[in-house]
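Below is protein32.txt, holding compact mmCIF, C-alpha atoms and all ligand atoms.
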# COMPACT_ATOMS: atom_id res chain seq x y z
CA MET V 28 -13.03 -17.36 -1.18
CA ALA V 29 -13.76 -13.96 -2.63
CA LYS V 30 -15.13 -11.28 -0.39
CA GLN V 31 -17.81 -9.53 -2.33
CA LYS V 32 -19.68 -6.54 -1.11
CA THR V 33 -23.17 -5.29 -1.59
CA ALA V 34 -25.22 -2.66 0.17
CA VAL V 35 -28.06 -3.82 2.38
CA CYS V 36 -30.59 -2.06 4.54
CA LEU V 37 -30.60 -3.15 8.18
CA GLU V 38 -33.95 -2.58 9.81
CA GLN V 39 -34.79 -2.65 13.51
CA THR V 40 -31.21 -2.79 14.65
CA SER V 41 -29.35 -0.78 17.23
CA THR V 42 -25.74 0.22 17.56
CA ILE V 43 -23.65 -0.43 20.63
CA PRO V 44 -20.06 0.59 21.36
CA SER V 45 -17.78 -2.10 19.99
CA LEU V 46 -16.24 -4.57 22.40
CA LYS V 47 -13.48 -5.42 19.93
CA LYS V 48 -12.41 -2.08 18.55
CA GLN V 49 -12.21 1.06 20.56
CA GLY V 50 -14.12 3.97 19.08
CA ALA V 51 -16.10 1.74 16.70
CA PHE V 52 -19.66 0.51 16.90
CA ASP V 53 -21.16 -2.93 16.50
CA ILE V 54 -24.61 -3.51 15.09
CA LYS V 55 -26.92 -5.36 17.44
CA PHE V 56 -29.46 -7.71 15.95
CA SER V 57 -32.61 -8.80 17.72
CA HIS V 58 -35.58 -10.97 16.77
CA ASP V 59 -37.20 -7.93 15.19
CA SER V 60 -34.20 -7.08 13.04
CA LYS V 61 -34.21 -7.81 9.35
CA ILE V 62 -32.04 -7.32 6.30
CA THR V 63 -33.63 -5.85 3.22
CA SER V 64 -31.31 -6.54 0.39
CA PRO V 65 -30.17 -4.93 -1.71
CA MET V 66 -30.77 -1.23 -1.40
CA GLU V 67 -32.13 0.45 -4.47
CA ALA V 68 -30.12 3.61 -4.68
CA ILE V 69 -26.49 2.87 -4.03
CA SER V 70 -23.35 4.46 -5.36
CA PHE V 71 -21.74 1.18 -6.37
CA PRO V 72 -23.21 -1.73 -8.33
CA TYR V 73 -24.88 -4.64 -6.64
CA ARG V 74 -23.22 -7.97 -7.37
CA ALA V 75 -24.76 -11.27 -6.50
CA ILE V 76 -22.47 -13.51 -4.49
CA ASN V 77 -21.55 -16.37 -6.73
CA GLU V 78 -18.60 -18.28 -5.41
CA GLU V 79 -18.38 -20.62 -8.34
CA GLU V 80 -18.11 -17.75 -10.76
CA SER V 81 -15.89 -15.61 -8.60
CA CYS V 82 -13.04 -18.06 -8.53
CA LYS V 83 -13.60 -20.15 -11.63
CA LEU V 84 -10.68 -22.38 -12.50
CA MET V 85 -9.55 -21.59 -16.03
CA ASN V 86 -6.56 -22.38 -18.12
CA ILE V 87 -4.53 -19.40 -19.24
CA LEU V 88 -5.70 -19.56 -22.84
CA GLU V 89 -9.32 -19.36 -21.59
CA VAL V 90 -8.41 -16.41 -19.37
CA LYS V 91 -6.90 -14.60 -22.35
CA SER V 92 -9.72 -15.38 -24.77
CA ASN V 93 -12.90 -15.80 -22.70
CA SER V 94 -12.71 -13.76 -19.54
CA LYS V 95 -13.98 -10.25 -19.01
CA MET V 96 -11.98 -7.45 -17.46
CA GLN V 97 -12.26 -7.43 -13.63
CA ASP V 98 -13.29 -11.11 -13.56
CA MET V 99 -11.87 -13.10 -10.68
CA VAL V 100 -10.34 -16.37 -11.77
CA THR V 101 -8.22 -19.21 -10.49
CA VAL V 102 -5.34 -20.67 -12.47
CA LYS V 103 -2.97 -23.58 -12.00
CA CYS V 104 0.40 -22.65 -13.37
CA LYS V 105 4.15 -22.49 -13.12
CA LEU V 106 5.57 -19.11 -12.12
CA THR V 107 8.71 -18.03 -13.93
CA GLY V 108 10.57 -14.97 -15.23
CA PHE V 109 10.41 -12.95 -12.00
CA SER V 110 11.12 -9.25 -12.41
CA VAL V 111 13.11 -7.25 -9.89
CA ARG V 112 11.05 -6.18 -6.84
CA GLU V 113 9.84 -2.64 -7.39
CA SER V 114 8.46 -0.24 -4.81
CA VAL V 115 5.52 1.47 -6.50
CA LYS V 116 4.78 3.62 -3.48
CA GLN V 117 5.07 3.40 0.27
CA ASN V 118 4.00 -0.08 1.46
CA LEU V 119 3.22 -1.19 -2.09
CA ASP V 120 5.74 -3.54 -3.68
CA LYS V 121 5.33 -5.23 -7.00
CA VAL V 122 6.92 -8.11 -8.88
CA SER V 123 5.84 -9.16 -12.38
CA VAL V 124 6.12 -12.84 -13.20
CA THR V 125 5.10 -15.02 -16.10
CA ALA V 126 2.50 -17.70 -15.43
CA ILE V 127 2.52 -20.67 -17.80
CA ASP V 128 0.37 -23.78 -17.90
CA GLY V 129 0.98 -25.30 -21.31
CA SER V 130 -2.03 -23.59 -22.93
CA ALA V 131 -0.50 -20.10 -23.00
CA ASP V 132 1.44 -17.67 -20.86
CA ILE V 133 0.32 -14.51 -19.12
CA THR V 134 1.82 -11.82 -16.92
CA LEU V 135 0.85 -12.11 -13.27
CA VAL V 136 1.54 -9.13 -11.03
CA LEU V 137 2.27 -10.11 -7.44
CA TRP V 138 1.77 -7.51 -4.71
CA ASN V 139 3.28 -7.23 -1.24
CA LYS V 140 3.24 -10.40 0.90
CA LEU V 141 2.48 -12.68 -2.05
CA ILE V 142 5.90 -11.75 -3.43
CA ASP V 143 7.56 -13.61 -0.57
CA GLU V 144 5.22 -16.58 -0.91
CA ALA V 145 6.11 -17.25 -4.54
CA THR V 146 9.24 -19.10 -5.62
CA GLU V 147 10.49 -18.96 -9.18
CA ASN V 148 9.87 -22.11 -11.23
CA CYS V 149 7.42 -23.62 -8.73
CA PHE V 150 3.86 -24.66 -9.49
CA TYR V 151 0.87 -23.02 -7.82
CA ARG V 152 -2.86 -22.94 -7.66
CA VAL V 153 -3.46 -19.19 -7.69
CA THR V 154 -6.94 -18.52 -6.35
CA ASN V 155 -8.82 -15.26 -6.88
CA VAL V 156 -6.72 -13.22 -9.24
CA ARG V 157 -8.25 -10.35 -11.16
CA VAL V 158 -8.23 -10.11 -14.95
CA LYS V 159 -6.92 -6.75 -16.13
CA SER V 160 -5.52 -5.26 -19.28
CA PHE V 161 -2.87 -2.73 -20.18
CA ASN V 162 -2.17 -1.60 -23.73
CA GLN V 163 -4.69 -4.18 -24.93
CA GLU V 164 -2.67 -6.96 -23.32
CA VAL V 165 -4.55 -9.11 -20.81
CA TYR V 166 -2.76 -9.75 -17.53
CA LEU V 167 -3.58 -11.00 -14.03
CA SER V 168 -3.15 -9.11 -10.79
CA THR V 169 -3.30 -10.49 -7.27
CA THR V 170 -5.86 -9.05 -4.84
CA LEU V 171 -6.28 -9.09 -1.07
CA ASP V 172 -8.21 -12.35 -1.54
CA THR V 173 -5.57 -14.08 -3.62
CA GLU V 174 -4.10 -17.27 -2.23
CA LEU V 175 -1.06 -19.14 -3.48
CA GLU V 176 -1.03 -22.86 -2.87
CA GLU V 177 1.94 -24.84 -4.03
CA ILE V 178 0.94 -27.86 -6.11
CA ASP V 179 2.74 -30.78 -7.74
CA GLU V 180 4.32 -30.27 -11.11
CA PHE V 181 1.97 -30.98 -13.96
CA GLN V 182 2.23 -34.54 -15.17
CA THR V 183 0.06 -34.37 -18.22
CA VAL V 184 0.69 -30.92 -19.59
CA GLU V 185 3.79 -30.10 -21.52
CA VAL V 186 5.04 -26.83 -20.14
CA GLU V 187 6.52 -24.52 -22.69
CA LEU V 188 9.34 -22.58 -21.13
CA PRO V 189 9.89 -19.02 -22.24
CA LYS V 190 12.88 -18.59 -24.50
CA ASP V 191 16.14 -17.38 -23.01
CA VAL V 192 17.52 -15.15 -25.71
CA TRP V 193 19.38 -11.88 -25.83
CA THR V 194 18.06 -9.32 -28.28
CA ASP V 195 18.66 -5.77 -29.39
CA ILE V 196 16.55 -2.93 -28.01
CA ASP V 197 14.41 -1.33 -30.73
CA THR V 198 13.42 1.89 -28.96
CA ILE V 199 14.17 3.42 -25.59
CA GLU V 200 12.73 6.22 -23.47
CA ILE V 201 14.12 7.28 -20.11
CA ILE V 202 11.76 9.37 -18.00
CA SER V 203 12.27 10.95 -14.62
CA THR V 204 9.41 11.86 -12.33
CA SER V 205 9.42 13.68 -9.00
CA HIS V 206 7.69 12.28 -5.95
CA CYS V 207 6.49 13.65 -2.63
CA PHE V 208 8.87 12.93 0.26
CA SER V 209 5.92 12.03 2.46
CA CYS V 210 3.26 10.21 0.44
CA LYS V 211 5.31 9.31 -2.67
CA SER V 212 2.68 10.72 -5.03
CA ALA V 213 3.93 12.28 -8.24
CA ILE V 214 4.65 15.98 -7.92
CA ILE V 215 4.92 18.52 -10.66
CA VAL V 216 7.65 21.01 -9.89
CA SER V 217 6.52 24.01 -11.88
CA GLU V 218 8.91 26.63 -10.55
CA PRO V 219 12.47 25.42 -10.81
CA GLN V 220 13.58 28.54 -8.90
CA GLY V 221 11.33 27.87 -5.92
CA MET V 222 12.87 26.45 -2.79
CA THR V 223 9.80 24.63 -1.57
CA VAL V 224 6.92 22.79 -3.17
CA LYS V 225 3.52 21.65 -1.93
CA CYS V 226 2.23 18.16 -2.62
CA SER V 227 -1.22 18.40 -4.17
CA HIS V 228 -2.05 14.96 -2.77
CA CYS V 229 -1.13 15.01 0.94
CA LYS V 230 -0.90 18.84 1.08
CA LYS V 231 2.48 18.77 2.78
CA ARG V 232 5.13 21.28 1.81
CA MET V 233 8.77 20.27 1.49
CA LEU V 234 12.10 21.57 0.32
CA THR V 235 12.64 20.88 -3.35
CA THR V 236 15.86 19.13 -2.34
CA LYS V 237 13.75 16.56 -0.48
CA ILE V 238 11.80 15.57 -3.57
CA GLN V 239 12.49 12.01 -4.63
CA LYS V 240 13.32 11.33 -8.24
CA VAL V 241 12.19 8.12 -9.89
CA THR V 242 13.74 7.10 -13.15
CA GLN V 243 11.90 4.75 -15.49
CA ILE V 244 13.54 3.08 -18.44
CA LYS V 245 11.02 1.96 -21.03
CA VAL V 246 12.17 -0.06 -24.00
CA SER V 247 10.44 -1.82 -26.85
CA VAL V 248 11.51 -5.05 -28.47
CA GLU V 249 9.57 -6.38 -31.45
CA ASN V 250 6.72 -3.96 -30.75
CA LYS V 251 6.31 -5.05 -27.14
CA GLU V 252 6.92 -2.62 -24.29
CA PHE V 253 9.07 -3.47 -21.29
CA THR V 254 10.41 -1.67 -18.26
CA ILE V 255 14.03 -2.07 -17.22
CA ALA V 256 14.67 -2.01 -13.49
CA LYS V 257 17.03 0.73 -12.34
CA ASN V 258 19.29 -1.66 -10.48
CA MET V 259 19.92 -3.54 -13.74
CA LEU V 260 20.96 -0.25 -15.29
CA GLU V 261 23.23 0.59 -12.35
CA HIS V 262 24.90 -2.76 -12.74
CA VAL V 263 25.82 -2.11 -16.38
CA PHE V 264 26.43 1.65 -16.08
CA PRO V 265 27.57 2.38 -12.50
CA LEU V 266 27.92 6.07 -13.36
CA TRP V 267 24.61 6.36 -15.21
CA ASN V 268 23.62 9.27 -12.97
CA GLU V 269 26.38 11.43 -14.41
CA LYS V 270 25.15 11.03 -17.98
CA THR V 271 22.32 12.94 -19.63
CA PHE V 272 19.30 10.84 -20.46
CA SER V 273 19.88 11.25 -24.19
CA ASP V 274 23.50 10.03 -23.89
CA LEU V 275 22.31 7.12 -21.81
CA GLU V 276 19.60 6.29 -24.33
CA ASP V 277 22.24 6.37 -27.09
CA ASP V 278 24.60 4.16 -25.14
CA MET V 279 21.98 1.60 -24.30
CA LEU V 280 20.64 1.38 -27.86
CA LEU V 281 24.08 1.03 -29.39
CA HIS V 282 25.83 -1.15 -26.85
CA CYS V 283 23.28 -3.12 -24.84
CA GLU V 284 21.09 -6.14 -25.31
CA VAL V 285 18.28 -7.47 -23.17
CA ASN V 286 17.18 -10.90 -22.01
CA ILE V 287 13.42 -11.25 -22.16
CA LYS V 288 11.54 -13.97 -20.37
CA GLY V 289 7.83 -13.99 -20.95
CA ASN V 290 6.71 -10.43 -20.45
CA ASN V 291 9.69 -9.20 -18.46
CA VAL V 292 13.21 -8.00 -19.05
CA VAL V 293 15.24 -10.21 -16.72
CA GLY V 294 18.70 -9.20 -17.92
CA LEU V 295 20.65 -6.27 -19.38
CA ARG V 296 24.24 -6.50 -20.57
CA LYS V 297 26.79 -4.91 -22.89
CA LYS V 298 26.98 -6.58 -26.28
CA LYS V 299 30.04 -8.66 -26.91
CA ILE V 300 32.23 -7.19 -29.65
ZN ZN Y 1 2.43 14.07 -0.63
Take the structure in the file and give it back as structure tokens.
Amino acid sequence: MAKQKTAVCLEQTSTIPSLKKQGAFDIKFSHDSKITSPMEAISFPYRAINEEESCKLMNILEVKSNSKMQDMVTVKCKLTGFSVRESVKQNLDKVSVTAIDGSADITLVLWNKLIDEATENCFYRVTNVRVKSFNQEVYLSTTLDTELEEIDEFQTVEVELPKDVWTDIDTIEIISTSHCFSCKSAIIVSEPQGMTVKCSHCKKRMLTTKIQKVTQIKVSVENKEFTIAKNMLEHVFPLWNEKTFSDLEDDMLLHCEVNIKGNNVVGLRKKKI
């Protein structure tokens, strides 16, 4: 069930040192205590707790056409087209998959422990996923409240499998960004001559040689944008690091094709001559 938060005013209560967590306090209620809910002036919006609404079961077509951004929904679907596991930052791993249920398909982004709970081509009831959008495309993202429950294959719904085809890349852009050695935030290295740089996020200073470089390969195929995982690139071009980005972009456009499943690139290979 979704955990929803709202601010309340606790009257006639006292605080006592917590028995469970050292250094924390518990709130002690007595017969005189009362909750006045919600507070008037709060910095975040009050939301009524409505379980039915918070995890409404929808089919994917309904999610795409009828839901609002930030809605929490539940879908029953098959998960397919898993992308390569990507480390977005420290302790934050991401895998994009395609969820299909016969009505439509949608990208579902799995985070952290849910990645290990999901198996490609299995069917799940995915409870409490958030509706989001990127580049006007609606997608779903798991939250801390998301649960994956394996279910039987659908009997009544014809599941349309994403096509397995290899296509040319239309456009390509390879970008490199620098990241803090400590907190992994993006860093702008303004003085190439400088020997050290300070992270504006965690305020730590480090040698420029310690900065981590992240390379992103963005391609478009039939006006849709995709990201190619670096390990796919390394597989096709083991010496990619020795090329300039523009040579690499040339090479990939002229000689490579991609396999797209749903909303992900799941394969990269050299074209057969
Ligand atoms: Zn940092």
* Within 10 Å of Ser110 of chain V, counting only C-alpha atoms, which residues qualify if same-chain residues fewer than 3 places away don't, as a VMD selection string? -> chain V and resid 107 113 121 to 125 136 254 to 256 288 290 to 294
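Nearest residue to ligand ZN 1 (chain Y) among V:Val248, V:Leu281, V:Leu275, V:Cys226 is V:Cys226, counting all atoms listed in the file.
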* Asked: Using only C-alpha atoms and all ligand atoms, what are the residues with an atom within 9 Å of ligand ZN 1 (chain Y), set out as an NGL selection string?
  -> :V and (206-214 or 225-232)
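Here atom CA of Asp195 of chain V stands at a distance of 4.8 Å from atom CA of Glu284 of chain V.
For the choices V:Ile142, V:Val263, V:Ile201, V:Val246, the atom-to-atom distance to Ile287 of chain V is smallest for V:Val246 when using all atoms listed in the file.
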* To do: Considering only C-alpha atoms, state which residue in the set V:Leu135, V:Ile238, V:Cys283, V:Ala126 is at the smallest distance from Thr198 of chain V.
  =>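 Under the stated criterion, the closest residue is V:Cys283.
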* To do: Measuring atom to atom with only C-alpha atoms, identify which of V:Leu84, V:Thr146, V:Phe181, V:Tyr166 is nearest to Gly129 of chain V.
  => V:Phe181
* To do: Would you kindly return, as a PyMOL selection string, each protein, DNA or RNA residue with an atom no farther than 6 Å from any atom of Cys82 of chain V, considering only C-alpha atoms and excluding same-chain residues fewer than 4 positions away?
  => chain V and resi 99-101+155
* **Using only C-alpha atoms: which of V:Thr173, V:Thr194, V:Ser94, V:Ser57 has the shortest distance to Glu249 of chain V** =>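 Looking at the shortest contact to Glu249 of chain V, the residue is V:Thr194.
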* To do: One decimal, Å: what's the distance from atom CA of Phe109 of chain V over to atom CA of Asp277 of chain V, could you say?
  =>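 Separation of atom CA of Phe109 of chain V and atom CA of Asp277 of chain V: 27.2 Å.
All protein and nucleic acid residues in the vicinity of (14.8, 9.9, -12.1), that is within 9 Å when counting all atoms listed in the file, are Ile201, Ile202, Ser203, Thr204, Ser205, Gln239, Lys240, Val241, Thr242, Gln243 and Asn268 of chain V.
Atom CA of Met222 of chain V to atom CA of Thr235 of chain V spans 5.6 Å [interatomic distance, one decimal].
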* Counting all atoms listed in the file, what is within 12 Å of Met85 of chain V, bar same-chain residues fewer than 3 positions away, as an MDAnalysis selection string? -> chainID V and resid 79:82 88:94 98:104 128 130:131 152:156 158
* For Ile62 of chain V, list every protein, DNA or RNA residue within 8 Å, evaluated using all atoms listed in the file, and leave out those in the same chain fewer than 6 positions away; present the list as a PyMOL selection string. => chain V and resi 35-38
